[in-house]
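Quick look at target_34.cif (mmCIF, C-alpha atoms):
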```cif
data_entry
loop_
_atom_site.label_atom_id
_atom_site.label_comp_id
_atom_site.auth_asym_id
_atom_site.auth_seq_id
_atom_site.Cartn_x
_atom_site.Cartn_y
_atom_site.Cartn_z
CA MET U 1173 10.68 12.53 -34.82
CA PRO U 1174 9.94 14.10 -31.42
CA ASN U 1175 11.15 17.54 -30.66
CA ALA U 1176 14.50 17.72 -28.81
CA LYS U 1177 12.97 20.05 -26.23
CA VAL U 1178 10.18 17.53 -25.47
CA LEU U 1179 12.68 14.68 -25.20
CA GLU U 1180 14.84 16.71 -22.82
CA SER U 1181 11.86 17.51 -20.58
CA LYS U 1182 10.86 13.83 -20.51
CA LYS U 1183 14.43 12.84 -19.65
CA THR U 1184 14.34 15.33 -16.77
CA VAL U 1185 11.10 13.77 -15.49
CA VAL U 1186 12.57 10.25 -15.75
CA ASP U 1187 15.74 11.31 -13.92
CA ALA U 1188 13.74 12.93 -11.10
CA LEU U 1189 11.44 9.91 -10.80
CA SER U 1190 14.40 7.53 -10.87
CA GLU U 1191 16.10 9.49 -8.09
CA LYS U 1192 12.89 9.49 -6.05
CA ILE U 1193 12.57 5.71 -6.42
CA GLN U 1194 16.23 5.08 -5.57
CA ASN U 1195 16.08 7.28 -2.45
CA ALA U 1196 12.79 5.80 -1.23
CA THR U 1197 12.83 3.24 1.57
CA SER U 1198 9.48 2.02 0.26
CA ALA U 1199 7.03 2.73 -2.51
CA VAL U 1200 3.57 1.56 -3.52
CA PHE U 1201 2.03 1.62 -6.99
CA VAL U 1202 -1.75 2.03 -7.08
CA ASP U 1203 -4.52 1.93 -9.66
CA TYR U 1204 -6.49 4.96 -8.50
CA LYS U 1205 -9.31 4.67 -11.06
CA GLY U 1206 -12.74 5.35 -9.61
CA ILE U 1207 -11.90 7.39 -6.52
CA THR U 1208 -13.63 10.71 -6.08
CA VAL U 1209 -11.91 14.06 -5.82
CA ALA U 1210 -12.90 14.25 -2.14
CA GLN U 1211 -11.33 10.84 -1.44
CA ASP U 1212 -8.19 11.81 -3.33
CA THR U 1213 -7.92 15.11 -1.43
CA GLU U 1214 -8.38 13.34 1.92
CA LEU U 1215 -5.72 10.78 1.00
CA ARG U 1216 -3.26 13.45 -0.13
CA ASN U 1217 -3.77 15.36 3.15
CA GLN U 1218 -3.12 12.20 5.16
CA PHE U 1219 0.02 11.52 3.12
CA ARG U 1220 1.30 15.06 3.60
CA ALA U 1221 0.79 14.79 7.37
CA ALA U 1222 2.67 11.47 7.42
CA GLY U 1223 5.57 12.72 5.27
CA VAL U 1224 4.72 10.52 2.28
CA GLU U 1225 5.07 11.78 -1.30
CA TYR U 1226 2.13 10.85 -3.53
CA ALA U 1227 1.77 11.59 -7.23
CA VAL U 1228 0.15 10.35 -10.39
CA VAL U 1229 2.82 9.00 -12.74
CA LYS U 1230 3.04 8.21 -16.43
CA ASN U 1231 3.56 4.50 -17.05
CA THR U 1232 6.08 4.82 -19.87
CA LEU U 1233 8.29 7.29 -18.02
CA THR U 1234 8.01 5.23 -14.84
CA ARG U 1235 9.19 2.11 -16.72
CA PHE U 1236 12.36 3.98 -17.69
CA ALA U 1237 12.81 5.17 -14.09
CA LEU U 1238 12.34 1.65 -12.71
CA LYS U 1239 14.93 0.37 -15.18
CA ASP U 1240 17.39 3.03 -14.00
CA ALA U 1241 16.66 2.11 -10.36
CA GLY U 1242 17.19 -1.62 -10.97
CA LEU U 1243 13.55 -2.56 -10.36
CA GLU U 1244 12.61 -3.68 -13.87
CA ALA U 1245 10.51 -6.53 -12.42
CA MET U 1246 7.87 -3.98 -11.47
CA SER U 1247 7.46 -2.70 -15.04
CA ASP U 1248 4.72 -5.28 -15.73
CA LEU U 1249 2.51 -3.56 -13.11
CA LEU U 1250 2.38 -0.31 -15.04
CA ASN U 1251 -0.89 -0.50 -16.95
CA GLY U 1252 -3.90 1.78 -16.74
CA THR U 1253 -4.03 4.61 -14.23
CA THR U 1254 -1.05 4.63 -11.88
CA SER U 1255 -0.09 6.65 -8.86
CA LEU U 1256 2.98 6.26 -6.68
CA ALA U 1257 3.40 6.78 -2.93
CA THR U 1258 6.99 6.92 -1.64
CA SER U 1259 8.64 7.45 1.71
CA THR U 1260 12.22 8.19 2.62
CA ALA U 1261 11.61 8.01 6.38
CA ASP U 1262 9.30 5.33 7.79
CA PRO U 1263 8.98 2.55 5.19
CA ILE U 1264 5.81 1.08 6.69
CA VAL U 1265 3.65 4.22 6.52
CA PRO U 1266 2.87 4.38 2.76
CA ILE U 1267 2.27 0.63 2.58
CA ARG U 1268 -0.11 0.71 5.55
CA MET U 1269 -1.98 3.82 4.39
CA ILE U 1270 -2.46 2.58 0.81
CA HIS U 1271 -3.44 -0.90 1.99
CA ASP U 1272 -6.02 0.51 4.44
CA MET U 1273 -7.53 2.77 1.77
CA SER U 1274 -7.58 -0.14 -0.67
CA GLU U 1275 -9.36 -2.33 1.91
CA LYS U 1276 -12.02 0.36 2.45
CA MET U 1277 -12.73 0.52 -1.29
CA ALA U 1278 -12.32 -3.19 -2.06
CA LYS U 1279 -16.03 -3.81 -2.63
CA ASP U 1280 -16.16 -1.17 -5.38
CA GLU U 1281 -12.89 -2.38 -6.94
CA LYS U 1282 -11.43 1.11 -6.68
CA PHE U 1283 -7.96 2.07 -5.56
CA ILE U 1284 -6.22 -1.27 -6.06
CA VAL U 1285 -2.64 -1.89 -4.96
CA LYS U 1286 -0.62 -2.89 -8.01
CA GLY U 1287 2.63 -3.60 -6.20
CA ALA U 1288 5.23 -2.29 -3.79
CA PHE U 1289 8.86 -2.46 -2.88
CA LEU U 1290 10.61 -2.13 0.46
CA GLU U 1291 14.29 -1.18 0.55
CA GLY U 1292 14.84 -2.40 -3.01
CA LYS U 1293 12.94 -5.71 -2.64
CA VAL U 1294 9.76 -6.22 -4.66
CA LEU U 1295 6.96 -7.38 -2.34
CA SER U 1296 4.26 -9.95 -3.02
CA ASP U 1297 0.61 -9.24 -2.21
CA ALA U 1298 0.87 -11.37 0.96
CA GLU U 1299 3.96 -9.46 2.10
CA ILE U 1300 2.22 -6.13 1.47
CA ALA U 1301 -0.74 -7.23 3.62
CA GLU U 1302 1.60 -8.47 6.36
CA ILE U 1303 3.68 -5.28 6.43
CA ALA U 1304 0.51 -3.17 6.49
CA GLN U 1305 -0.34 -4.75 9.85
CA LEU U 1306 2.92 -3.59 11.46
CA GLN U 1307 3.08 -0.51 13.62
CA ASN U 1308 5.13 2.51 12.61
CA LYS U 1309 8.81 2.90 13.47
CA ASP U 1310 8.28 5.08 16.55
CA ALA U 1311 5.82 2.62 18.10
CA LEU U 1312 8.23 -0.26 17.47
CA TYR U 1313 11.12 1.71 19.00
CA SER U 1314 9.06 2.47 22.11
CA LYS U 1315 8.15 -1.22 22.49
CA VAL U 1316 11.81 -2.24 22.28
CA LEU U 1317 12.80 0.48 24.75
CA GLY U 1318 10.01 -0.56 27.12
CA THR U 1319 11.21 -4.16 26.93
CA MET U 1320 14.76 -3.06 27.72
CA LEU U 1321 13.68 -0.89 30.66
CA ALA U 1322 11.32 -3.48 32.22
CA PRO U 1323 14.01 -5.45 34.14
CA ILE U 1324 15.59 -2.27 35.53
CA THR U 1325 12.21 -0.91 36.62
CA GLY U 1326 11.34 -4.25 38.22
CA LEU U 1327 14.62 -4.24 40.15
CA ALA U 1328 14.04 -0.71 41.41
CA VAL U 1329 10.53 -1.59 42.64
CA CYS U 1330 11.80 -4.76 44.33
CA LEU U 1331 14.65 -2.94 46.10
CA ASN U 1332 12.24 -0.23 47.25
CA GLN U 1333 9.94 -2.89 48.78
CA VAL U 1334 12.88 -4.52 50.58
CA VAL U 1335 13.88 -1.15 52.06
CA GLU U 1336 10.30 -0.50 53.23
CA GLN U 1337 10.07 -3.95 54.86
CA MET U 1338 13.26 -3.27 56.79
CA GLY U 1339 11.78 -0.16 58.36
CA GLY U 1340 12.48 2.43 55.76
CA ALA U 1341 15.64 4.14 54.80
CA ALA U 1342 17.86 5.12 57.69
CA ALA U 1343 18.27 8.83 58.12
CA PRO U 1344 21.85 9.96 57.80
CA ALA U 1345 23.53 10.47 61.16
CA GLU U 1346 23.35 14.07 62.22
CA ALA U 1347 26.70 15.70 62.51
CA GLU U 1348 27.56 16.40 66.10
CA ALA U 1349 27.41 20.01 66.90
CA PRO U 1350 30.63 21.42 68.34
CA ALA U 1351 30.48 21.91 72.05
CA ALA U 1352 29.91 25.46 73.13
CA GLU U 1353 32.70 26.90 75.19
#
```
This entry written out as structure tokens:
Amino acid sequence: MPNAKVLESKKTVVDALSEKIQNATSAVFVDYKGITVAQDTELRNQFRAAGVEYAVVKNTLTRFALKDAGLEAMSDLLNGTTSLATSTADPIVPIRMIHDMSEKMAKDEKFIVKGAFLEGKVLSDAEIAEIAQLQNKDALYSKVLGTMLAPITGLAVCLNQVVEQMGGAAAPAEAEAPAAE
């Protein structure tokens, strides 16, 4: 029978992992076997800069956490070496970063994407590849804003050209100076 202290520490780990999964807008599970320490360090630095949490996880404890989070369908993915990248901000970033790294190492069969979820929905391999091609949230916001501002900018340019064709803007009439007495 396992020690009560050990069980309590494992329960704490499961609770923390479950909370992380529930609060994440997206997460990616990866088989990291075969990557070098230098590659892992580079990846972790990129994740830190992008605000993505990345950690190696224990499969058994992660199964319990997925069950608590309502994502039991992903439990079948947890075999072999497993790491988890999660994001609470931009949901596209971890998926894109992991997918890109996986593509770079595809020929060596290292760093393989096991599965992912986005806002509680388990993604297929095709959906992961499609989402990885999207731009980040800020770039998408700026595109939408640019699209909204385009008609207004066009109108301003057009009105300015009309004014110039008519001889420019008329200067305001100078106030008549009072007659000197």
Hey, what comes out of the PyMOL selection byres ((chain U and resi 1303) around 12) on this file? Could you write it as a ChimeraX atom specification? /U:1198,1263-1272,1288-1290,1295-1302,1304-1309
I need the output of the PyMOL selection byres ((chain U and resi 1177-1182) around 12) for this file as a PyMOL selection string; which residues are they? chain U and resi 1173-1176+1183-1189+1230+1232-1234+1236-1237
The PyMOL selection byres ((chain U and resi 1241-1246) around 8) on the file shown: which residues, as a list of chain:residue names?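 Evaluating the PyMOL selection byres ((chain U and resi 1241-1246) around 8) on these coordinates yields U:Ser1190, U:Glu1191, U:Ile1193, U:Gln1194, U:Arg1235, U:Ala1237, U:Leu1238, U:Lys1239, U:Asp1240, U:Ser1247, U:Asp1248, U:Leu1249, U:Leu1250, U:Gly1287, U:Gly1292, U:Val1294.
Of note, atom CA of U:Ala1222 and atom CA of U:Val1209 are spaced 19.9 Å apart.
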Interatomic distance (Å, one decimal) between atom CA of U:Val1200 and atom CA of U:Thr1258: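 Answer for the atom CA of U:Val1200 to atom CA of U:Thr1258 separation: 6.6 Å.
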Work out how far atom CA of U:Tyr1313 is from atom CA of U:Thr1197, in Å to one decimal.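 Rounded to one decimal, the two atoms are 17.6 Å apart.
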